[in-house]
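Trainee: Dropping in upload_37.cif, which is mmCIF, C-alpha atoms:
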```cif
data_final
#
loop_
_atom_site.group_PDB
_atom_site.id
_atom_site.type_symbol
_atom_site.label_atom_id
_atom_site.label_comp_id
_atom_site.auth_asym_id
_atom_site.auth_seq_id
_atom_site.Cartn_x
_atom_site.Cartn_y
_atom_site.Cartn_z
ATOM 1 C CA MET A 22 -12.193 5.743 -3.636
ATOM 2 C CA SER A 23 -9.230 7.091 -1.724
ATOM 3 C CA LYS A 24 -9.143 7.163 2.072
ATOM 4 C CA PRO A 25 -10.822 10.235 3.564
ATOM 5 C CA GLU A 26 -8.601 12.986 4.936
ATOM 6 C CA PHE A 27 -9.481 16.278 6.576
ATOM 7 C CA ILE A 28 -7.499 19.417 5.819
ATOM 8 C CA TYR A 29 -8.063 22.792 7.474
ATOM 9 C CA VAL A 30 -6.076 25.972 6.894
ATOM 10 C CA THR A 31 -6.412 29.072 9.045
ATOM 11 C CA TYR A 32 -4.375 32.253 9.341
ATOM 12 C CA ILE A 33 -3.858 33.686 12.824
ATOM 13 C CA GLU A 34 -2.268 36.922 13.986
ATOM 14 C CA THR A 35 0.186 35.445 16.478
ATOM 15 C CA THR A 36 3.738 34.075 16.633
ATOM 16 C CA PRO A 37 4.725 30.463 15.932
ATOM 17 C CA GLU A 38 5.918 30.163 19.556
ATOM 18 C CA LYS A 39 2.587 31.344 21.000
ATOM 19 C CA LEU A 40 0.655 29.082 18.662
ATOM 20 C CA TRP A 41 2.861 26.114 19.530
ATOM 21 C CA HIS A 42 2.254 26.763 23.229
ATOM 22 C CA ALA A 43 -1.488 27.015 22.606
ATOM 23 C CA LEU A 44 -1.471 23.633 20.872
ATOM 24 C CA THR A 45 0.584 21.784 23.478
ATOM 25 C CA ASP A 46 -0.082 23.265 26.922
ATOM 26 C CA GLY A 47 -2.914 21.567 28.845
ATOM 27 C CA ASP A 48 -3.790 24.677 30.891
ATOM 28 C CA PHE A 49 -4.172 26.614 27.679
ATOM 29 C CA THR A 50 -6.021 23.992 25.627
ATOM 30 C CA GLN A 51 -8.570 23.638 28.403
ATOM 31 C CA ARG A 52 -9.720 27.171 27.631
ATOM 32 C CA TYR A 53 -10.570 26.640 23.967
ATOM 33 C CA TRP A 54 -10.606 22.871 23.254
ATOM 34 C CA PHE A 55 -14.055 22.082 24.721
ATOM 35 C CA GLY A 56 -12.456 21.869 28.143
ATOM 36 C CA ALA A 57 -9.919 19.212 27.137
ATOM 37 C CA ARG A 58 -6.423 19.258 28.601
ATOM 38 C CA LEU A 59 -3.909 17.841 26.130
ATOM 39 C CA ARG A 60 -1.437 15.731 28.085
ATOM 40 C CA SER A 61 1.926 14.493 26.857
ATOM 41 C CA ASP A 62 5.651 15.003 27.414
ATOM 42 C CA TRP A 63 5.765 15.758 23.691
ATOM 43 C CA LYS A 64 8.580 13.413 22.749
ATOM 44 C CA ALA A 65 8.258 11.285 19.625
ATOM 45 C CA GLY A 66 6.938 7.882 20.688
ATOM 46 C CA SER A 67 5.394 9.130 23.929
ATOM 47 C CA SER A 68 1.742 8.743 24.774
ATOM 48 C CA PHE A 69 -0.759 11.509 24.046
ATOM 49 C CA GLU A 70 -4.111 11.996 25.787
ATOM 50 C CA MET A 71 -7.016 14.404 25.843
ATOM 51 C CA VAL A 72 -8.285 14.633 29.421
ATOM 52 C CA ARG A 73 -11.760 15.791 30.388
ATOM 53 C CA SER A 74 -12.371 18.165 33.281
ATOM 54 C CA ASP A 75 -13.418 15.180 35.415
ATOM 55 C CA GLY A 76 -10.007 13.577 34.862
ATOM 56 C CA THR A 77 -11.162 10.816 32.506
ATOM 57 C CA VAL A 78 -9.445 10.339 29.155
ATOM 58 C CA SER A 79 -11.600 11.022 26.099
ATOM 59 C CA ASP A 80 -9.004 10.357 23.374
ATOM 60 C CA ALA A 81 -5.615 8.683 23.368
ATOM 61 C CA GLY A 82 -2.769 7.998 20.974
ATOM 62 C CA LYS A 83 0.909 8.638 20.421
ATOM 63 C CA VAL A 84 3.192 11.531 19.588
ATOM 64 C CA VAL A 85 4.797 10.996 16.191
ATOM 65 C CA GLU A 86 6.740 14.166 15.350
ATOM 66 C CA VAL A 87 7.818 17.184 17.375
ATOM 67 C CA ASP A 88 9.714 20.000 15.628
ATOM 68 C CA PRO A 89 8.920 23.206 17.546
ATOM 69 C CA PRO A 90 7.622 25.557 16.473
ATOM 70 C CA ARG A 91 7.170 24.180 12.939
ATOM 71 C CA ARG A 92 5.594 20.717 12.916
ATOM 72 C CA LEU A 93 3.666 18.678 15.406
ATOM 73 C CA ALA A 94 2.095 15.308 14.687
ATOM 74 C CA TYR A 95 0.237 12.793 16.822
ATOM 75 C CA THR A 96 -2.260 9.999 16.426
ATOM 76 C CA PHE A 97 -5.400 9.625 18.507
ATOM 77 C CA ILE A 98 -8.733 7.850 18.654
ATOM 78 C CA ASN A 99 -11.730 8.515 20.856
ATOM 79 C CA GLN A 100 -12.015 5.894 23.583
ATOM 80 C CA SER A 101 -15.781 5.427 23.271
ATOM 81 C CA ASP A 102 -17.169 1.977 22.309
ATOM 82 C CA LYS A 103 -18.638 3.587 19.229
ATOM 83 C CA TYR A 104 -15.177 3.620 17.676
ATOM 84 C CA LYS A 105 -13.790 0.358 19.024
ATOM 85 C CA ASN A 106 -13.291 -1.027 15.521
ATOM 86 C CA GLU A 107 -11.381 2.016 14.364
ATOM 87 C CA PHE A 108 -7.702 2.805 14.751
ATOM 88 C CA PRO A 109 -5.877 6.053 15.522
ATOM 89 C CA ALA A 110 -5.417 8.415 12.580
ATOM 90 C CA LEU A 111 -2.594 10.954 12.202
ATOM 91 C CA ALA A 112 -3.084 14.674 12.886
ATOM 92 C CA THR A 113 -0.259 16.883 11.615
ATOM 93 C CA PHE A 114 0.012 20.603 12.378
ATOM 94 C CA VAL A 115 2.280 22.741 10.213
ATOM 95 C CA LEU A 116 3.014 26.294 11.390
ATOM 96 C CA GLU A 117 4.389 28.762 8.826
ATOM 97 C CA PRO A 118 5.142 32.370 9.778
ATOM 98 C CA TYR A 119 4.365 35.239 7.398
ATOM 99 C CA GLY A 120 5.218 38.538 9.040
ATOM 100 C CA LYS A 121 2.771 39.041 11.907
ATOM 101 C CA LEU A 122 0.743 35.975 10.955
ATOM 102 C CA VAL A 123 1.049 32.243 11.188
ATOM 103 C CA LYS A 124 -0.527 29.999 8.580
ATOM 104 C CA LEU A 125 -1.692 26.880 10.387
ATOM 105 C CA THR A 126 -2.405 23.777 8.299
ATOM 106 C CA LEU A 127 -3.992 20.806 10.019
ATOM 107 C CA THR A 128 -4.105 17.518 8.099
ATOM 108 C CA HIS A 129 -5.890 14.594 9.712
ATOM 109 C CA GLU A 130 -5.411 11.453 7.651
ATOM 110 C CA GLY A 131 -5.281 7.690 7.626
ATOM 111 C CA PHE A 132 -8.979 7.034 8.198
ATOM 112 C CA ALA A 133 -10.574 3.923 6.746
ATOM 113 C CA GLU A 134 -13.396 4.467 4.242
ATOM 114 C CA GLY A 135 -16.677 5.028 6.051
ATOM 115 C CA SER A 136 -14.955 5.941 9.328
ATOM 116 C CA LYS A 137 -17.424 7.368 11.855
ATOM 117 C CA PHE A 138 -14.587 9.046 13.698
ATOM 118 C CA TYR A 139 -13.672 10.909 10.508
ATOM 119 C CA SER A 140 -17.190 12.330 10.454
ATOM 120 C CA GLY A 141 -16.792 13.490 14.063
ATOM 121 C CA ILE A 142 -13.409 15.137 13.669
ATOM 122 C CA SER A 143 -14.532 16.945 10.516
ATOM 123 C CA LYS A 144 -17.036 18.775 12.681
ATOM 124 C CA GLY A 145 -14.848 19.138 15.741
ATOM 125 C CA TRP A 146 -11.746 20.677 14.175
ATOM 126 C CA PRO A 147 -13.360 23.829 12.679
ATOM 127 C CA ALA A 148 -14.849 24.610 16.077
ATOM 128 C CA ILE A 149 -11.623 23.989 18.012
ATOM 129 C CA LEU A 150 -9.463 25.898 15.525
ATOM 130 C CA SER A 151 -11.932 28.814 15.322
ATOM 131 C CA SER A 152 -11.866 29.096 19.093
ATOM 132 C CA LEU A 153 -8.050 28.853 19.071
ATOM 133 C CA LYS A 154 -7.824 31.727 16.576
ATOM 134 C CA SER A 155 -10.171 33.838 18.686
ATOM 135 C CA ILE A 156 -8.325 33.241 21.946
ATOM 136 C CA LEU A 157 -4.978 34.154 20.361
ATOM 137 C CA GLU A 158 -6.316 37.260 18.608
ATOM 138 C CA THR A 159 -8.842 38.611 21.120
ATOM 139 C CA GLY A 160 -7.831 36.951 24.403
ATOM 140 C CA GLN A 161 -11.191 35.159 24.596
ATOM 141 C CA PRO A 162 -12.115 31.718 23.283
ATOM 142 C CA LEU A 163 -15.480 31.146 21.623
ATOM 143 C CA ASP A 164 -18.315 29.683 23.621
ATOM 144 C CA ILE A 165 -19.460 27.182 21.000
ATOM 145 C CA PRO A 166 -22.413 25.065 22.138
ATOM 146 C CA PHE A 167 -21.887 21.409 21.302
ATOM 147 C CA GLU A 168 -25.202 21.269 19.417
ATOM 148 C CA ALA A 169 -23.807 23.756 16.879
ATOM 149 C CA LEU A 170 -21.470 21.060 15.590
ATOM 150 C CA LYS A 171 -24.409 18.810 14.625
ATOM 151 C CA MET A 172 -22.550 15.633 15.501
ATOM 152 C CA GLU A 173 -24.384 12.414 14.728
ATOM 153 C CA ALA A 174 -25.627 10.519 17.801
ATOM 154 C CA MET B 6 -17.755 9.640 -7.099
ATOM 155 C CA SER B 7 -19.669 12.854 -6.520
ATOM 156 C CA LYS B 8 -18.332 16.078 -8.015
ATOM 157 C CA PRO B 9 -15.451 17.635 -6.065
ATOM 158 C CA GLU B 10 -16.293 20.526 -3.791
ATOM 159 C CA PHE B 11 -14.611 22.722 -1.192
ATOM 160 C CA VAL B 12 -16.258 23.104 2.221
ATOM 161 C CA TYR B 13 -15.084 25.434 4.972
ATOM 162 C CA VAL B 14 -16.695 25.956 8.381
ATOM 163 C CA THR B 15 -15.711 28.759 10.729
ATOM 164 C CA TYR B 16 -17.240 30.147 13.899
ATOM 165 C CA ILE B 17 -17.179 33.910 14.379
ATOM 166 C CA GLU B 18 -18.157 36.078 17.316
ATOM 167 C CA THR B 19 -20.519 38.424 15.498
ATOM 168 C CA THR B 20 -24.194 38.756 14.526
ATOM 169 C CA PRO B 21 -25.750 37.264 11.379
ATOM 170 C CA GLU B 22 -26.573 40.794 10.191
ATOM 171 C CA LYS B 23 -22.990 42.035 10.503
ATOM 172 C CA LEU B 24 -21.622 38.926 8.832
ATOM 173 C CA TRP B 25 -24.192 39.194 6.039
ATOM 174 C CA GLU B 26 -23.142 42.771 5.416
ATOM 175 C CA ALA B 27 -19.491 41.829 5.307
ATOM 176 C CA LEU B 28 -20.250 39.131 2.733
ATOM 177 C CA THR B 29 -22.213 41.454 0.443
ATOM 178 C CA SER B 30 -20.653 44.894 0.774
ATOM 179 C CA SER B 31 -17.787 46.261 -1.317
ATOM 180 C CA GLU B 32 -16.736 48.572 1.468
ATOM 181 C CA PHE B 33 -16.175 45.581 3.738
ATOM 182 C CA SER B 34 -14.849 43.158 1.162
ATOM 183 C CA ARG B 35 -12.096 45.571 0.156
ATOM 184 C CA LYS B 36 -10.758 45.230 3.692
ATOM 185 C CA TYR B 37 -10.701 41.440 4.064
ATOM 186 C CA TRP B 38 -10.904 40.076 0.498
ATOM 187 C CA MET B 39 -7.434 41.230 -0.630
ATOM 188 C CA GLY B 40 -8.754 44.547 -1.960
ATOM 189 C CA THR B 41 -11.542 42.913 -3.981
ATOM 190 C CA GLU B 42 -14.889 44.631 -4.446
ATOM 191 C CA LEU B 43 -18.075 42.557 -4.577
ATOM 192 C CA GLN B 44 -20.254 44.195 -7.209
ATOM 193 C CA SER B 45 -23.928 43.327 -7.435
ATOM 194 C CA ASP B 46 -27.347 44.750 -6.629
ATOM 195 C CA TRP B 47 -28.012 41.378 -4.959
ATOM 196 C CA THR B 48 -31.360 40.741 -6.628
ATOM 197 C CA VAL B 49 -31.852 37.076 -7.524
ATOM 198 C CA GLY B 50 -30.897 36.722 -11.179
ATOM 199 C CA SER B 51 -28.693 39.809 -11.170
ATOM 200 C CA PRO B 52 -25.068 39.642 -12.245
ATOM 201 C CA PHE B 53 -22.272 39.582 -9.719
ATOM 202 C CA ALA B 54 -18.573 40.400 -10.163
ATOM 203 C CA LEU B 55 -15.331 40.366 -8.188
ATOM 204 C CA VAL B 56 -13.297 43.414 -9.161
ATOM 205 C CA ASN B 57 -9.810 44.296 -8.002
ATOM 206 C CA ASN B 58 -8.315 47.662 -8.924
ATOM 207 C CA GLY B 59 -10.667 47.938 -11.855
ATOM 208 C CA THR B 60 -9.914 44.413 -13.145
ATOM 209 C CA THR B 61 -12.685 41.820 -13.068
ATOM 210 C CA SER B 62 -11.422 38.383 -12.018
ATOM 211 C CA ASP B 63 -14.678 36.432 -11.580
ATOM 212 C CA VAL B 64 -18.306 36.832 -12.560
ATOM 213 C CA GLY B 65 -21.556 35.058 -11.833
ATOM 214 C CA GLU B 66 -25.220 35.370 -11.074
ATOM 215 C CA VAL B 67 -27.026 35.765 -7.770
ATOM 216 C CA LEU B 68 -28.987 32.555 -7.059
ATOM 217 C CA GLU B 69 -30.216 33.091 -3.507
ATOM 218 C CA PHE B 70 -30.347 36.118 -1.221
ATOM 219 C CA ASP B 71 -32.104 35.005 1.965
ATOM 220 C CA ARG B 72 -30.810 37.595 4.409
ATOM 221 C CA PRO B 73 -29.258 36.881 6.876
ATOM 222 C CA ARG B 74 -29.361 33.070 6.440
ATOM 223 C CA ARG B 75 -28.312 31.941 2.994
ATOM 224 C CA LEU B 76 -26.422 33.570 0.160
ATOM 225 C CA SER B 77 -25.607 31.861 -3.112
ATOM 226 C CA TYR B 78 -24.141 32.810 -6.481
ATOM 227 C CA THR B 79 -22.600 31.130 -9.473
ATOM 228 C CA PHE B 80 -18.909 31.696 -9.986
ATOM 229 C CA ARG B 81 -16.841 31.759 -13.158
ATOM 230 C CA HIS B 82 -13.218 32.842 -13.399
ATOM 231 C CA VAL B 83 -12.515 35.148 -16.330
ATOM 232 C CA LEU B 84 -8.973 36.398 -15.857
ATOM 233 C CA TYR B 85 -6.201 33.793 -15.994
ATOM 234 C CA ASP B 86 -5.969 31.453 -18.992
ATOM 235 C CA ASP B 87 -5.405 28.266 -17.007
ATOM 236 C CA MET B 88 -8.613 28.739 -15.021
ATOM 237 C CA ARG B 89 -10.961 30.687 -17.281
ATOM 238 C CA ASN B 90 -12.446 27.885 -19.311
ATOM 239 C CA GLU B 91 -13.921 25.925 -16.428
ATOM 240 C CA GLU B 92 -17.682 25.469 -16.130
ATOM 241 C CA PRO B 93 -19.389 27.863 -13.696
ATOM 242 C CA SER B 94 -19.324 26.622 -10.129
ATOM 243 C CA LYS B 95 -21.598 27.553 -7.247
ATOM 244 C CA VAL B 96 -20.858 29.300 -3.961
ATOM 245 C CA VAL B 97 -23.226 28.901 -0.988
ATOM 246 C CA PHE B 98 -22.866 30.619 2.408
ATOM 247 C CA THR B 99 -25.095 29.509 5.291
ATOM 248 C CA LEU B 100 -25.145 31.549 8.495
ATOM 249 C CA GLU B 101 -26.406 29.891 11.696
ATOM 250 C CA PRO B 102 -26.575 31.907 14.911
ATOM 251 C CA HIS B 103 -25.610 30.265 18.203
ATOM 252 C CA GLY B 104 -25.711 32.724 21.076
ATOM 253 C CA HIS B 105 -23.024 35.361 20.481
ATOM 254 C CA LEU B 106 -21.611 33.420 17.544
ATOM 255 C CA VAL B 107 -22.391 32.664 13.960
ATOM 256 C CA LYS B 108 -21.432 29.345 12.379
ATOM 257 C CA LEU B 109 -20.527 30.146 8.785
ATOM 258 C CA THR B 110 -20.452 27.292 6.287
ATOM 259 C CA LEU B 111 -19.039 27.973 2.838
ATOM 260 C CA THR B 112 -19.600 25.359 0.153
ATOM 261 C CA HIS B 113 -18.033 25.912 -3.251
ATOM 262 C CA GLU B 114 -19.302 23.133 -5.480
ATOM 263 C CA GLY B 115 -19.991 21.993 -9.006
ATOM 264 C CA PHE B 116 -16.435 21.494 -10.166
ATOM 265 C CA THR B 117 -16.174 18.949 -12.953
ATOM 266 C CA GLY B 118 -12.985 17.453 -11.575
ATOM 267 C CA ALA B 119 -9.779 18.281 -9.754
ATOM 268 C CA ASN B 120 -8.559 21.332 -11.638
ATOM 269 C CA LYS B 121 -6.530 24.511 -11.215
ATOM 270 C CA LEU B 122 -9.577 26.554 -10.290
ATOM 271 C CA LEU B 123 -10.604 24.181 -7.493
ATOM 272 C CA ASP B 124 -7.002 24.237 -6.299
ATOM 273 C CA GLY B 125 -6.963 28.042 -6.451
ATOM 274 C CA ILE B 126 -10.177 28.561 -4.526
ATOM 275 C CA SER B 127 -9.167 25.934 -1.946
ATOM 276 C CA LYS B 128 -6.192 28.157 -1.150
ATOM 277 C CA GLY B 129 -8.057 31.439 -1.448
ATOM 278 C CA TRP B 130 -11.110 30.824 0.746
ATOM 279 C CA PRO B 131 -9.261 29.996 4.021
ATOM 280 C CA ALA B 132 -7.289 33.223 3.668
ATOM 281 C CA ILE B 133 -10.348 35.349 2.848
ATOM 282 C CA LEU B 134 -12.464 33.837 5.641
ATOM 283 C CA SER B 135 -9.637 34.006 8.220
ATOM 284 C CA SER B 136 -9.209 37.682 7.395
ATOM 285 C CA LEU B 137 -12.984 38.236 7.613
ATOM 286 C CA LYS B 138 -13.119 36.574 11.047
ATOM 287 C CA SER B 139 -10.286 38.789 12.308
ATOM 288 C CA LEU B 140 -11.977 41.912 10.919
ATOM 289 C CA LEU B 141 -15.262 41.122 12.674
ATOM 290 C CA GLU B 142 -13.673 40.029 15.970
ATOM 291 C CA THR B 143 -10.753 42.455 16.325
ATOM 292 C CA GLY B 144 -11.681 45.320 13.996
ATOM 293 C CA THR B 145 -8.667 44.694 11.758
ATOM 294 C CA ALA B 146 -8.460 42.394 8.760
ATOM 295 C CA LEU B 147 -5.373 40.244 8.190
ATOM 296 C CA VAL B 148 -2.882 41.202 5.514
ATOM 297 C CA ILE B 149 -2.013 37.860 3.996
ATOM 298 C CA PRO B 150 0.755 37.896 1.372
ATOM 299 C CA ARG B 151 0.003 35.993 -1.842
ATOM 300 C CA THR B 152 3.063 33.815 -1.283
ATOM 301 C CA ALA B 153 1.406 32.423 1.852
ATOM 302 C CA LEU B 154 -1.416 30.977 -0.245
ATOM 303 C CA GLY B 155 0.813 29.327 -2.802
ATOM 304 C CA LYS B 156 2.875 27.090 -0.584
ATOM 305 C CA GLU B 157 1.577 23.586 -0.051
ATOM 306 C CA PRO B 158 3.361 21.941 2.913
ATOM 307 C CA ARG B 159 3.786 18.209 2.447
ATOM 308 C CA PRO B 160 4.680 15.611 5.084
ATOM 309 C CA SER B 161 8.445 15.105 4.897
#
```
Using structure tokens, write down the structure from this file.

Mentor:
Amino acid sequence: MSKPEFIYVTYIETTPEKLWHALTDGDFTQRYWFGARLRSDWKAGSSFEMVRSDGTVSDAGKVVEVDPPRRLAYTFINQSDKYKNEFPALATFVLEPYGKLVKLTLTHEGFAEGSKFYSGISKGWPAILSSLKSILETGQPLDIPFEALKMEA
Amino acid sequence: MSKPEFVYVTYIETTPEKLWEALTSSEFSRKYWMGTELQSDWTVGSPFALVNNGTTSDVGEVLEFDRPRRLSYTFRHVLYDDMRNEEPSKVVFTLEPHGHLVKLTLTHEGFTGANKLLDGISKGWPAILSSLKSLLETGTALVIPRTALGKEPRPS
């Protein structure tokens, strides 16, 4: 069986520049990414972190590719003990403009078979990307309760 | 390996009743489903058809109509030669309310293998459901050109 990968496509009425900013600016991500500030200098090879509101780091990895506003790729793994035997997988965002819309394709790949983290991200991404679409189109993120994701304990 | 399927989850600021109506009404579907009308009387066992400008592209049968929680129908493409001979597949929508939101899960399953139809619906559903979300949240559906669906970006 091939390694699991997660692919999510969404279409958003926005510009590639605004979407790029939304994906890479910590002040902005905090509003729709379950309170996480994404922190990096966004150079290939640099570190990448998701920072909780209390300042602790929930996920960490490395920036792999930065081609604004077209392609962004980074690896990350959640820092919890639950995933200590897993390694960072690669999340790639591709932004394609079509008139007033941007087609956003997120591919998260490189997970080992049976990865628990894969199961978690499969539930997390639709929520984060739905909230991202809402904040760009309506000005308001979604208030998605964590229980709605039905993450395994 | 289990049969291939396509799963898509989206969260929409709306009510289950409004979302249910959008998923079952021709008047709504014309706006977000690329001009397609959903034709059915929605009784379990009744036929169901997707019709665009008088041309039927897909047909099926209503399997479940549990308003406003679960909607299901079989799905068979009847228009293009390279997709029309596939076995009927099954579409299931589940709607779960969470405060001001609804979590919508679409499962399109029962494909016999990787095939053109599975590829086609995997490109179609994200566009249809993105447009539906915009319609319910902003009042305006998205106008997504067909060329946007066809391109498959690959890591360079």

Trainee: Taking the file as I've supplied it (selection: the PyMOL selection byres ((chain B) within 9 of (chain A))), which residues are included? Please answer as a ChimeraX atom specification.

Mentor: /B:6,13-18,101-106,108,128,131-132,134-136,138-139,142-143,147-150,152-154,158,160

Trainee: For the structure shown, which residues end up in the PyMOL selection byres ((chain B and resi 62-64) around 6)? Put them as an MDAnalysis selection string, please?

Mentor: chainID B and resid 53:55 61 65 80:84

Trainee: Store the residues of this selection in a file with C-alpha atoms, as a PDB file, in the frame of the given file.

Mentor:
```
ATOM      1  CA  PHE B  53     -22.272  39.582  -9.719  1.00  0.00           C
ATOM      2  CA  ALA B  54     -18.573  40.400 -10.163  1.00  0.00           C
ATOM      3  CA  LEU B  55     -15.331  40.366  -8.188  1.00  0.00           C
ATOM      4  CA  THR B  61     -12.685  41.820 -13.068  1.00  0.00           C
ATOM      5  CA  GLY B  65     -21.556  35.058 -11.833  1.00  0.00           C
ATOM      6  CA  PHE B  80     -18.909  31.696  -9.986  1.00  0.00           C
ATOM      7  CA  ARG B  81     -16.841  31.759 -13.158  1.00  0.00           C
ATOM      8  CA  HIS B  82     -13.218  32.842 -13.399  1.00  0.00           C
ATOM      9  CA  VAL B  83     -12.515  35.148 -16.330  1.00  0.00           C
ATOM     10  CA  LEU B  84      -8.973  36.398 -15.857  1.00  0.00           C
TER      11      LEU B  84
END
```

Trainee: Can you tell me which residues surround Ser127 of chain B at a distance of at most 9 Å, considering all atoms listed in the file, apart from same-chain residues fewer than 3 positions away, and format the answer as a PyMOL selection string?

Mentor: chain B and resi 11-12+113+122-124+130-131

Trainee: Give as number ranges by chain every residue, naming chains and numbers as the document does, that has an atom within 12 Å of (-7.4, 15.3, 37.2), counting all atoms listed in the file.

Mentor: A: 47-48, 57-60, 71-78

Trainee: What separation in Å, quoted to one decimal, exists between atom CA of Glu70 of chain A and atom CA of Leu125 of chain A?

Mentor: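 Calculated distance between atom CA of Glu70 of chain A and atom CA of Leu125 of chain A is 21.6 Å.
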
Trainee: When the PyMOL selection byres ((chain A and resi 111) around 7) is applied to the structure above, which residues does it catch, written out as an mmCIF file with C-alpha atoms, in the frame of the given file?

Mentor:
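Result went into expr.cif, see below:
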```cif
data_model
loop_
_atom_site.group_PDB
_atom_site.id
_atom_site.type_symbol
_atom_site.label_atom_id
_atom_site.label_comp_id
_atom_site.auth_asym_id
_atom_site.auth_seq_id
_atom_site.Cartn_x
_atom_site.Cartn_y
_atom_site.Cartn_z
ATOM 1 C CA ALA A 94 2.095 15.308 14.687
ATOM 2 C CA TYR A 95 0.237 12.793 16.822
ATOM 3 C CA THR A 96 -2.260 9.999 16.426
ATOM 4 C CA PRO A 109 -5.877 6.053 15.522
ATOM 5 C CA ALA A 110 -5.417 8.415 12.580
ATOM 6 C CA ALA A 112 -3.084 14.674 12.886
ATOM 7 C CA THR A 113 -0.259 16.883 11.615
ATOM 8 C CA HIS A 129 -5.890 14.594 9.712
ATOM 9 C CA GLU A 130 -5.411 11.453 7.651
ATOM 10 C CA GLY A 131 -5.281 7.690 7.626
#
```

Trainee: Do you have the atom CA of Ile98 of chain A-atom CA of Met172 of chain A distance handy?

Mentor: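 The value is 16.2 Å.
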
Trainee: Need the neighbours of (-12.5, 6.1, 3.3): which residues are at most 10 Å away, counting all atoms listed in the file, as a ChimeraX atom specification?

Mentor: /A:22-26,130-137,139

Trainee: Residues as selected, C-alpha atoms, written as a PDB file, in the frame of the given file, can you do that?

Mentor:
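To be explicit, this is the file written out as again14.pdb:
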```pdb
ATOM      1  CA  MET A  22     -12.193   5.743  -3.636  1.00  0.00           C
ATOM      2  CA  SER A  23      -9.230   7.091  -1.724  1.00  0.00           C
ATOM      3  CA  LYS A  24      -9.143   7.163   2.072  1.00  0.00           C
ATOM      4  CA  PRO A  25     -10.822  10.235   3.564  1.00  0.00           C
ATOM      5  CA  GLU A  26      -8.601  12.986   4.936  1.00  0.00           C
ATOM      6  CA  GLU A 130      -5.411  11.453   7.651  1.00  0.00           C
ATOM      7  CA  GLY A 131      -5.281   7.690   7.626  1.00  0.00           C
ATOM      8  CA  PHE A 132      -8.979   7.034   8.198  1.00  0.00           C
ATOM      9  CA  ALA A 133     -10.574   3.923   6.746  1.00  0.00           C
ATOM     10  CA  GLU A 134     -13.396   4.467   4.242  1.00  0.00           C
ATOM     11  CA  GLY A 135     -16.677   5.028   6.051  1.00  0.00           C
ATOM     12  CA  SER A 136     -14.955   5.941   9.328  1.00  0.00           C
ATOM     13  CA  LYS A 137     -17.424   7.368  11.855  1.00  0.00           C
ATOM     14  CA  TYR A 139     -13.672  10.909  10.508  1.00  0.00           C
TER      15      TYR A 139
END
```

Trainee: Write out as a list in words which residues come within 8 Å of Ser31 of chain B when counting only C-alpha atoms, dropping same-chain ones fewer than 2 positions away.

Mentor: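 After dropping sequence-adjacent residues, the list is Thr29, Phe33, Ser34, Arg35, Thr41, Glu42, Leu43 and Gln44 of chain B.
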
Trainee: Using all atoms listed in the file, determine which residues lie at most 6 Å from segment 67-71 of chain B, disregarding the query and same-chain residues fewer than 5 positions distant; provide the list as a list of chain:residue names.

Mentor: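 Contacts, with the query itself left out: B:Val49, B:Gly50, B:Ser51, B:Leu76, B:Ser77, B:Tyr78.
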
Trainee: Just to confirm, what's the straight-line distance from atom CA of Leu111 of chain B to atom CA of Thr99 of chain B in Å (one decimal)?

Mentor: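 We find that atom CA of Leu111 of chain B and atom CA of Thr99 of chain B lie 6.7 Å from each other.
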
Trainee: Hey, what's within 7 Å of Lys83 of chain A if we count only C-alpha atoms and toss same-chain stuff fewer than 5 positions away? As a JSON list (two decimals) with C-alpha atoms, keeping the file's coordinate frame, please?

Mentor:
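Below you can see result.json, which holds the result:
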```json
[["chain", "number", "residue", "atom", "x", "y", "z"],
["A", 66, "GLY", "CA", 6.94, 7.88, 20.69],
["A", 67, "SER", "CA", 5.39, 9.13, 23.93],
["A", 68, "SER", "CA", 1.74, 8.74, 24.77],
["A", 69, "PHE", "CA", -0.76, 11.51, 24.05],
["A", 95, "TYR", "CA", 0.24, 12.79, 16.82],
["A", 96, "THR", "CA", -2.26, 10.00, 16.43],
["A", 97, "PHE", "CA", -5.40, 9.62, 18.51]]
```

Trainee: Would you kindly return, as an NGL selection string, each protein, DNA or RNA residue with an atom no farther than 12 Å from any atom of Pro89 of chain A, considering all atoms listed in the file and excluding same-chain residues fewer than 6 positions away?

Mentor: :A and (37-42 or 44-45 or 63-64 or 114-117)

Trainee: May I ask which of the residues B:Ile126, B:Ala119, B:Val56, B:Val107 is the closest one to Gly40 of chain B, counting all atoms listed in the file?

Mentor: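 Using all atoms listed in the file, Gly40 of chain B sits closest to B:Val56.
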
Trainee: Box for segment 54-69 of chain B - axis-aligned, 8 Å on each of the six sides, all listed atoms - centre and size in Å to one decimal, as AutoDock Vina command-line options.

Mentor:
```
--center_x -19.3 --center_y 40.2 --center_z -8.3 --size_x 37.9 --size_y 31.4 --size_z 25.6
```

Trainee: Please, can segment 16-20 of chain B be completed to N, CA and C atoms and returned as a CSV table (one decimal), in the frame of the given file?

Mentor:
```
chain,number,residue,atom,x,y,z
B,16,TYR,N,-16.4,29.6,12.9
B,16,TYR,CA,-17.2,30.1,13.9
B,16,TYR,C,-16.7,31.5,14.2
B,17,ILE,N,-17.6,32.5,14.2
B,17,ILE,CA,-17.2,33.9,14.4
B,17,ILE,C,-18.0,34.6,15.4
B,18,GLU,N,-17.4,35.3,16.3
B,18,GLU,CA,-18.2,36.1,17.3
B,18,GLU,C,-18.7,37.3,16.6
B,19,THR,N,-19.9,37.3,16.2
B,19,THR,CA,-20.5,38.4,15.5
B,19,THR,C,-22.0,38.1,15.4
B,20,THR,N,-22.8,39.0,14.7
B,20,THR,CA,-24.2,38.8,14.5
B,20,THR,C,-24.4,38.4,13.1
```
